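Have a look at the structure below before the remarks.
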Amino acid sequence: MNNIQGSLTAEQLQYFNSKGYLVIEGFANPEECGQMMQRMRELLEAFDPSDSSIFSSKNQQELTANHFYESAEKISFFFEERAFDNDGKLKQPKELSVNKVGHALHELDPVFSKFCCSAKLANALASLSYKRPTIIQSMYIFKQPGIGGEVVPHQDNSFLYTEPPSCTGLWLALEDATIENGCIWALPKSHKDGLVRRFLRDSNGVHFDKPSPTYDYKDFVPIEVKAGSLLVIHGDLVHHSFENKSPKSRHALSLHAVDTDGCTWAEDNWLQRKVAPSPIYVA
Ligand code: FE2
């Protein structure tokens, strides 16, 4: 890491600009990871499963729309598609059935906001030329053992569009992420080809404006990382993750930052805020 905590070195920036992603090992220490995992255990314990919906990156239109939209400013729970039996009952305990929790953990929960508003995170974004970095959404992703769902190839700018585009993914591994338990795979340099399509919200719900291009999975590289590593993902980089068929979970905190200085939030993004999000502090 650079001498200003969290800021990127010239070599790291060069790598990021060239490949479209960057791994910063040891960005979060074991204590920070442990505190966030413990806090999530507590949130799950207090969670009533009768108040949720299924999340699938393959089947966006069948989401319970209001649960999804309102989660922009809440701490909402989303189940794995394969968490239920034919009678609609959970096949296993709720703590092994949840796909993710989002999308305002960074604002509403003090344990998560401590990390999400940290100077080191703001400094990392300042290195990437953000003038007023703002976390627009946070997701705790479980990638549950055995049933953790696939995330199909996508670009984050499709979902969190500003004009001009400014989204960066900040994906913190809370547990080791490996090929076995469903790590992220990236298509190196794909950010240089620009944004392919957008995910729009209108009176009919949410939908993509174009079909997905066909990607060759052989072109992607696995990003295996240790717990505490931060994977920085350019908003136009194509990335995905496979199902987790292993017996090991792969918990991660996925944040997305945009610039609220000089960039305008699109009114047809799925995520719409009633209260404008606050920028994070730059040391
Ligand atoms: Fe993504």
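Residue names in the structure tokens use chain letters A, B, ... in the order shown, residue numbers from 1 in each chain, and ligand numbers from 1 in the order shown.
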
When the cut-off is 12 Å and you count only C-alpha atoms and all ligand atoms, which residues lie near ligand 1, shown as a PyMOL selection string?
-> chain A and resi 21+57+137-139+141+150-160+167-171+183-186+231-241+253-257

Which residues, written as a PyMOL selection string, have at least one atom at most 12 Å from Glu180 (chain A), with only C-alpha atoms counted and residues fewer than 6 positions away on the same chain left out?
-> chain A and resi 143+145-146+148+222-225+241-250

Strand (DSSP E or B) call set, DSSP backbone run, region 33-195 of chain A, as a PyMOL selection string | chain A and resi 53-54+75-79+84+90+98-103+133-141+148+151-154+162-163+168-173+177+184-186

Go through region 70-144 of chain A residue by residue and, counting only C-alpha atoms, keep those with an atom at most 9 Å from region 25-28 of chain A; for each kept residue give the shortest atom pair and its distance in Å to one decimal, ordered by chain and increasing number, as JSON lines.
```
{"residue": "A:Phe115", "atom": "CA", "partner": "A:Ala28", "partner_atom": "CA", "distance": 8.4}
{"residue": "A:Lys120", "atom": "CA", "partner": "A:Phe27", "partner_atom": "CA", "distance": 8.4}
{"residue": "A:Leu121", "atom": "CA", "partner": "A:Phe27", "partner_atom": "CA", "distance": 8.9}
```

Do you know which residues are at most 12 Å from Asn29 (chain A) counting only C-alpha atoms, after dropping those on the same chain fewer than 2 positions away, and could you put them as a PyMOL selection string?
-> chain A and resi 24-27+31-36+115+172-175+226-230

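Proximity to Ser7 (chain A) was assessed for A:Ile75, A:Ala83, A:Ala119, A:Leu22 counting only C-alpha atoms; the smallest distance is recorded for A:Ala119.
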
Computed interatomic separation between CA of Lys210 (chain A) and CA of Ala65 (chain A) (Å) =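 For CA of Lys210 (chain A) relative to CA of Ala65 (chain A), the distance reads 20.6 Å.
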
Got a sec: who's within 10 Å of Thr134 (chain A), counting only C-alpha atoms, leaving out chain neighbours fewer than 3 positions off, as a list in words?
->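 Contacts, in chain order: Cys116, Cys117, Ala122, Leu125, Tyr130, Lys131, Gln137, Cys167, His256, Ala257, Val258, Asp259, Thr260, Asp261, Pro277, Ser278, Pro279, Ile280 and Tyr281 of chain A.
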
Give the helix (DSSP H, G or I) residues of region 29-150 of chain A, as DSSP finds them on the backbone, and put them as a PyMOL selection string.
-> chain A and resi 30-46+60-62+65-73+81-83+94-96+105-108+110-116+119-127

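CA of His191 (chain A) is found 19.6 Å from CA of Ala126 (chain A).
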
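Take CA of Pro188 (chain A) and CA of Leu200 (chain A): the distance between them is 25.9 Å.
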
Do a neighbour search on Phe84 (chain A) at 12 Å with only C-alpha atoms, toss out local chain neighbours closer than 2 positions, and write the hits as a count of residues only.
-> 20
